[in-house]
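Asker: Handing you this structure, nothing more for now.
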Amino acid sequence: MSESHHTRTYKLWEPTLLALCVLVGLLAGTQLFSHQSNDRPGLQSSKQDKGRELNEIVRFIEEKYVDEVNTDALISSAVEALLNDLDPHSGYLSPEEVRDLNEKMEGHFEGIGIEFQRVLDTAIVLYVSPGGPADKSGLKLFDRLIYANDSLLIAPELTEKDMIGMLRGNKSSIVSLKILRPGIDSLISLSIERAEIPLKSVEGAYMIGTDIGYIRINRFSAKTYKEFMDHLENFVQKQQMKDLIIDVRQNPGGYLKEAVNILSQLFEDKGLLLVYTEGDNAPRAEYHTTGKPFYPVSNIVILVDEGSASASEIIAGALQDHDRGIVIGTPTYGKGLVQEQYALSNGGALRLTIARYYTPSGRLIQKPYTNGDAVAENGQASGDTTQYYTTTGRKVSGSGGITPDILVEPDFNWEDKRFGTLYEDVLEFAIHGYRGAHYQSVQDLMDRFPASDSIAQDIINYYSTHQREGHSLDTTFVSENSRHARMMLMGMISSAEFGHDSWFKIMNAEDPAVQKALEVIKDDRKITLKF
């Protein structure tokens, strides 16, 4: 986490009706109506009349209703009622959600520059932004955050969101921390001046082979293209990179422009269609290559999974349709709906779907959804039997989302709660129980790190004498997943010693999709795709 008895029948729907009235009144003065077409005055007038009607009802409710009405509390219910029959991606964002989203998409926030993991009721530092305020103050990996400005951070009722709120603040403001550091019994006091902290969207980038680069993108923010190109420049000019692996697993998407700009750098031809959007009220808009790549890239592999959505699918779809790269992993999420965001007077926003994404071959990226009969009428029904073909004539699936050229199941599922618990157990052991050697490099660590069975036994032995209150170690699961426990521990130790990228170096060493990508690149995509 960086600093998510007797009741009358009408009573069941009454709150929703009130909420609808409230929300329509709220929307009446927003940008939403300023975006409506002015060339249909009759329809516009009708909508305004209905808006006035509902505003009148709200006033009557506020003045005459038997009970006090909390209009703010009804907004969420109103949105559900208004948008329930539309699509899964139209929705209301609260003012707080808008601020959080803006931070992520603009690529910065104001705080101290750390990432932490909450284990039981304690925040443990897992990443310190190099050169940031926390780093300059001397905060280190695995430090435990105990106090922030004399407020206790160790409290069961505190959520991660609460903790983030206590650590973040305006630029140049001061937060006083008291921490516990492994091996030191007394509290350490640190005074940290908050600053603007960059939020990197490229969270892992390194040379994974002699001439193969690896870039992992976690979202497409306003600075993703620049971050991507900075790494690409370094790889090509300084490390003689020829081939590239792009990892967009668990990447939910983001700005279309950033994805298109990255794609354009991966094609030499000018004018190739990369993606187009279209909707009933939105004319077709096409995005093409510029034909001006700055750096040469030979073979490309893109890694995807069920968490790859929207802009991630646009990149995978374009590379696949033009036979430019090989898609490896599991089928993607299937989010092919374009949203436009409209600011509301309360600081929140309405995200409304206005068009659909299509790959160059004409495939609709959106998977089927079942929010009403209108869905099928708009072409979203399941069972698309149309045949779609790549540039060289290969058949590709058109059922929504992107089906990889090569299916590779993940080694283990991070969404499995048991692995989440294992991660916390290993983290606790890494901080207090691990007594390892000193390593010269990530490769040295991987070469000399103890075997899986030995690590699993060390973890079990540690918890036999250090039981956490309310927690019992699942020794069977630890033993059965000793290799995963070892990988997690190696990743934690290497991150502490050699930086954030080393986590991916450790994990990728045994990641089946990454290993398949390396194998495919050596064979060349033309051989793999048989053209």
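Letters A, B, ... mark the chains of the structure tokens in the order given; residue numbers begin at 1 per chain; ligand numbers begin at 1, in order shown.
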Please provide the set of residues having any atom within 6 Å of range 332-339 of chain A, restricted to only C-alpha atoms, with same-chain residues fewer than 5 positions apart removed, written as a compact mmCIF listing (two decimals) with C-alpha atoms, in the first residue's frame.
Answerer:
```txt
# COMPACT_ATOMS: atom_id res chain seq x y z
CA ASP A 305 -3.11 -12.09 -17.58
CA GLU A 306 -6.68 -11.71 -16.35
CA GLY A 307 -5.68 -8.43 -14.68
CA SER A 308 -4.50 -6.84 -17.95
CA ALA A 309 -7.19 -4.42 -19.07
CA SER A 310 -8.00 -1.48 -21.34
CA ARG A 351 -17.35 8.35 -15.36
CA LEU A 352 -19.56 7.60 -18.33
CA THR A 353 -18.91 5.12 -21.13
CA ILE A 354 -19.05 6.93 -24.48
CA ALA A 355 -17.46 4.49 -26.97
CA ARG A 356 -15.82 1.08 -27.46
CA TYR A 357 -12.25 0.02 -28.24
CA ILE A 365 -11.98 -5.84 -26.70
CA GLN A 366 -14.92 -5.70 -24.27
CA LYS A 367 -16.02 -9.06 -22.89
CA GLY A 400 -13.70 -10.12 -25.95
CA GLY A 401 -10.35 -9.54 -24.33
CA ILE A 402 -7.11 -10.80 -25.87
```
Asker: I'd like the contact shell of range 510-513 of chain A - 8 Å cut-off, only C-alpha atoms, skipping same-chain residues fewer than 4 positions apart - returned as a ChimeraX atom specification.
Answerer: /A:303,328-329,408-411,506,517
Asker: What are the DSSP strand (DSSP E or B) residues of range 124-313 of chain A, as JSON, numbers by chain?
Answerer: {"A": [124, 125, 126, 127, 128, 144, 145, 146, 147, 148, 151, 152, 174, 175, 176, 177, 178, 179, 180, 188, 189, 190, 191, 192, 193, 195, 196, 197, 198, 202, 203, 204, 205, 206, 207, 212, 213, 214, 215, 216, 217, 220, 243, 244, 245, 246, 247, 254, 270, 271, 272, 273, 274, 275, 276, 277, 278, 279, 282, 283, 284, 285, 286, 287, 288, 289, 290, 300, 301, 302, 303, 304]}
Asker: So which residues touch Ile217 in chain A within 10 Å, counting only C-alpha atoms, skipping near sequence neighbours fewer than 4 positions away, as a ChimeraX atom specification?
Answerer: /A:200-205,221,224,227-228,246-251,253,312
Asker: Find, counting only C-alpha atoms, the residue in A:Tyr147, A:Tyr276, A:Phe477, A:Tyr65 that gets nearest to Arg418 in chain A.
Answerer: A:Phe477
Asker: What does the distance from CA of Ile262 in chain A to CA of Gly113 in chain A come to in Å, to one decimal?
Answerer: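 It comes out at 27.3 Å.
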Asker: Based on the backbone DSSP call, show me all residues of range 388-501 of chain A assigned alpha helix (DSSP H), as a PyMOL selection string.
Answerer: chain A and resi 417-432+442-448+452-465+475-480+482-498+501
Asker: One decimal, in Å: what's the spacing between CA of Ser90 in chain A and CA of Ala316 in chain A?
Answerer: 23.7 Å
Asker: I want to know what sits within 8 Å of range 285-298 of chain A, based on only C-alpha atoms, with residues of the same chain fewer than 3 positions away left out; could you give that as a PyMOL selection string?
Answerer: chain A and resi 232-233+236+241-244+260+263-278
Asker: List as an MDAnalysis selection string the protein and nucleic acid residues near Val478 in chain A, meaning an atom at most 10 Å away when only C-alpha atoms are counted, but skip any in the same chain fewer than 5 places from it.
Answerer: chainID A and resid 418:419 422 425:426 453 455:457 459:460 473 483:486
Asker: What does the file look like for those residues with C-alpha atoms, as a CSV table (one decimal), in the first residue's frame?
Answerer:
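What landed in part32.csv:
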```csv
chain,number,residue,atom,x,y,z
A,418,ARG,CA,-3.2,-18.4,1.6
A,419,PHE,CA,-0.4,-16.9,-0.4
A,422,LEU,CA,2.4,-16.8,3.5
A,425,ASP,CA,4.7,-14.9,7.5
A,426,VAL,CA,7.8,-14.7,5.4
A,453,ASP,CA,13.3,-27.1,2.3
A,455,ILE,CA,14.1,-22.1,4.3
A,456,ALA,CA,10.7,-23.7,5.0
A,457,GLN,CA,12.1,-25.4,8.1
A,459,ILE,CA,10.4,-20.4,9.0
A,460,ILE,CA,8.6,-23.2,10.9
A,473,LEU,CA,1.4,-20.8,11.1
A,483,ARG,CA,9.8,-22.9,-3.2
A,484,HIS,CA,7.5,-20.0,-3.2
A,485,ALA,CA,8.4,-19.1,0.4
A,486,ARG,CA,12.1,-19.1,-0.7
```
Asker: Can you work out which one of A:Leu199, A:Leu152, A:Ala259, A:Leu126 has the shortest atom-to-atom distance to Glu103 in chain A, counting only C-alpha atoms?
Answerer: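 Counting only C-alpha atoms, the residue closest to Glu103 in chain A is A:Leu199.
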Asker: Find the distance between CA of Arg468 in chain A and CA of Ile431 in chain A and write it in Å to one decimal.
Answerer: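 Straight-line distance from CA of Arg468 in chain A to CA of Ile431 in chain A works out to 13.9 Å.
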Asker: Could you check which of A:Gly470, A:Pro450, A:Gly433, A:Pro283 is closest to Pro182 in chain A, using only C-alpha atoms?
Answerer: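 Between A:Gly470, A:Pro450, A:Gly433, A:Pro283, the residue approaching Pro182 in chain A most closely is A:Gly433.
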Asker: Find the residues near range 388-392 of chain A: any atom within 12 Å, counting only C-alpha atoms, skip ones fewer than 6 places away on the same chain, and give them as a PyMOL selection string.
Answerer: chain A and resi 272-273+317-325+358-364+398-400+405+526+529-531
Asker: Emit the selected residues as a PDB file, in the first residue's frame, including N, CA and C atoms.
Answerer:
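As written to disk, out-v1.pdb reads:
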```pdb
ATOM      1  N   LEU A 272       0.037   2.665 -39.862  1.00  0.00           N
ATOM      2  CA  LEU A 272      -0.633   1.419 -39.462  1.00  0.00           C
ATOM      3  C   LEU A 272      -1.681   1.721 -38.394  1.00  0.00           C
ATOM      4  N   LEU A 273      -2.863   1.162 -38.551  1.00  0.00           N
ATOM      5  CA  LEU A 273      -3.919   1.332 -37.560  1.00  0.00           C
ATOM      6  C   LEU A 273      -3.546   0.569 -36.293  1.00  0.00           C
ATOM      7  N   GLY A 317      -3.343  -6.252 -28.294  1.00  0.00           N
ATOM      8  CA  GLY A 317      -4.144  -6.487 -29.490  1.00  0.00           C
ATOM      9  C   GLY A 317      -3.480  -5.979 -30.757  1.00  0.00           C
ATOM     10  N   ALA A 318      -2.861  -4.800 -30.682  1.00  0.00           N
ATOM     11  CA  ALA A 318      -2.192  -4.235 -31.852  1.00  0.00           C
ATOM     12  C   ALA A 318      -0.969  -5.052 -32.237  1.00  0.00           C
ATOM     13  N   LEU A 319      -0.177  -5.448 -31.248  1.00  0.00           N
ATOM     14  CA  LEU A 319       1.005  -6.267 -31.530  1.00  0.00           C
ATOM     15  C   LEU A 319       0.594  -7.611 -32.135  1.00  0.00           C
ATOM     16  N   GLN A 320      -0.496  -8.174 -31.639  1.00  0.00           N
ATOM     17  CA  GLN A 320      -0.966  -9.470 -32.129  1.00  0.00           C
ATOM     18  C   GLN A 320      -1.562  -9.345 -33.530  1.00  0.00           C
ATOM     19  N   ASP A 321      -2.413  -8.347 -33.751  1.00  0.00           N
ATOM     20  CA  ASP A 321      -3.081  -8.205 -35.045  1.00  0.00           C
ATOM     21  C   ASP A 321      -2.097  -7.945 -36.179  1.00  0.00           C
ATOM     22  N   HIS A 322      -1.022  -7.232 -35.875  1.00  0.00           N
ATOM     23  CA  HIS A 322      -0.026  -6.933 -36.908  1.00  0.00           C
ATOM     24  C   HIS A 322       1.137  -7.935 -36.902  1.00  0.00           C
ATOM     25  N   ASP A 323       1.003  -9.009 -36.101  1.00  0.00           N
ATOM     26  CA  ASP A 323       2.060 -10.029 -36.002  1.00  0.00           C
ATOM     27  C   ASP A 323       3.408  -9.400 -35.649  1.00  0.00           C
ATOM     28  N   ARG A 324       3.350  -8.315 -34.873  1.00  0.00           N
ATOM     29  CA  ARG A 324       4.588  -7.621 -34.478  1.00  0.00           C
ATOM     30  C   ARG A 324       5.209  -8.232 -33.231  1.00  0.00           C
ATOM     31  N   GLY A 325       4.387  -8.825 -32.394  1.00  0.00           N
ATOM     32  CA  GLY A 325       4.889  -9.424 -31.162  1.00  0.00           C
ATOM     33  C   GLY A 325       4.077 -10.643 -30.798  1.00  0.00           C
ATOM     34  N   TYR A 358     -11.654  -1.050 -30.333  1.00  0.00           N
ATOM     35  CA  TYR A 358     -11.523  -2.154 -31.283  1.00  0.00           C
ATOM     36  C   TYR A 358     -10.061  -2.290 -31.695  1.00  0.00           C
ATOM     37  N   THR A 359      -9.598  -3.518 -31.854  1.00  0.00           N
ATOM     38  CA  THR A 359      -8.238  -3.757 -32.330  1.00  0.00           C
ATOM     39  C   THR A 359      -8.187  -3.504 -33.841  1.00  0.00           C
ATOM     40  N   PRO A 360      -6.991  -3.451 -34.433  1.00  0.00           N
ATOM     41  CA  PRO A 360      -6.887  -3.184 -35.878  1.00  0.00           C
ATOM     42  C   PRO A 360      -7.693  -4.138 -36.751  1.00  0.00           C
ATOM     43  N   SER A 361      -7.842  -5.397 -36.334  1.00  0.00           N
ATOM     44  CA  SER A 361      -8.600  -6.360 -37.138  1.00  0.00           C
ATOM     45  C   SER A 361     -10.106  -6.217 -36.964  1.00  0.00           C
ATOM     46  N   GLY A 362     -10.525  -5.330 -36.063  1.00  0.00           N
ATOM     47  CA  GLY A 362     -11.953  -5.110 -35.841  1.00  0.00           C
ATOM     48  C   GLY A 362     -12.510  -5.825 -34.635  1.00  0.00           C
ATOM     49  N   ARG A 363     -11.652  -6.454 -33.850  1.00  0.00           N
ATOM     50  CA  ARG A 363     -12.128  -7.169 -32.658  1.00  0.00           C
ATOM     51  C   ARG A 363     -12.542  -6.195 -31.560  1.00  0.00           C
ATOM     52  N   LEU A 364     -13.702  -6.449 -30.976  1.00  0.00           N
ATOM     53  CA  LEU A 364     -14.137  -5.679 -29.821  1.00  0.00           C
ATOM     54  C   LEU A 364     -13.443  -6.236 -28.588  1.00  0.00           C
ATOM     55  N   GLY A 398     -12.256 -13.422 -31.232  1.00  0.00           N
ATOM     56  CA  GLY A 398     -12.986 -12.169 -31.157  1.00  0.00           C
ATOM     57  C   GLY A 398     -14.028 -12.163 -30.070  1.00  0.00           C
ATOM     58  N   SER A 399     -13.825 -12.954 -29.032  1.00  0.00           N
ATOM     59  CA  SER A 399     -14.851 -13.117 -27.998  1.00  0.00           C
ATOM     60  C   SER A 399     -14.710 -12.119 -26.850  1.00  0.00           C
ATOM     61  N   GLY A 400     -13.911 -11.077 -27.030  1.00  0.00           N
ATOM     62  CA  GLY A 400     -13.701 -10.115 -25.954  1.00  0.00           C
ATOM     63  C   GLY A 400     -12.411 -10.399 -25.232  1.00  0.00           C
ATOM     64  N   ASP A 405      -1.245 -15.799 -27.746  1.00  0.00           N
ATOM     65  CA  ASP A 405      -0.766 -16.732 -28.768  1.00  0.00           C
ATOM     66  C   ASP A 405      -0.269 -18.010 -28.111  1.00  0.00           C
ATOM     67  N   LYS A 526       8.961 -15.009 -36.024  1.00  0.00           N
ATOM     68  CA  LYS A 526       8.493 -15.531 -37.310  1.00  0.00           C
ATOM     69  C   LYS A 526       8.418 -17.048 -37.286  1.00  0.00           C
ATOM     70  N   LEU A 529       5.379 -17.915 -34.742  1.00  0.00           N
ATOM     71  CA  LEU A 529       4.058 -17.653 -35.313  1.00  0.00           C
ATOM     72  C   LEU A 529       3.861 -18.307 -36.676  1.00  0.00           C
ATOM     73  N   LYS A 530       4.918 -18.962 -37.170  1.00  0.00           N
ATOM     74  CA  LYS A 530       4.836 -19.741 -38.424  1.00  0.00           C
ATOM     75  C   LYS A 530       4.452 -18.872 -39.628  1.00  0.00           C
ATOM     76  N   PHE A 531       5.194 -17.781 -39.814  1.00  0.00           N
ATOM     77  CA  PHE A 531       4.995 -16.989 -41.032  1.00  0.00           C
ATOM     78  C   PHE A 531       6.353 -16.488 -41.521  1.00  0.00           C
TER      79      PHE A 531
END
```
Asker: Would you kindly return, as a ChimeraX atom specification, each protein, DNA or RNA residue with an atom no farther than 10 Å from any atom of Asp100 in chain A, considering only C-alpha atoms and excluding same-chain residues fewer than 5 positions away?
Answerer: /A:4,94-95,105,109
Asker: Using only C-alpha atoms, please write the residues we just selected to a file, as a tab-separated table (two decimals), in the first residue's frame.
Answerer:
```tsv
chain	number	residue	atom	x	y	z
A	4	SER	CA	-8.43	0.71	-2.00
A	94	SER	CA	-16.31	10.40	-4.68
A	95	PRO	CA	-14.14	13.51	-4.18
A	105	MET	CA	-2.69	9.17	-13.25
A	109	PHE	CA	1.64	12.83	-4.73
```
Asker: A:Asp230, A:Glu519, A:Asp416, A:Glu106: which is nearest Ile215 in chain A, counting only C-alpha atoms?
Answerer: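 Among A:Asp230, A:Glu519, A:Asp416, A:Glu106, it is A:Asp230 that comes nearest to Ile215 in chain A.
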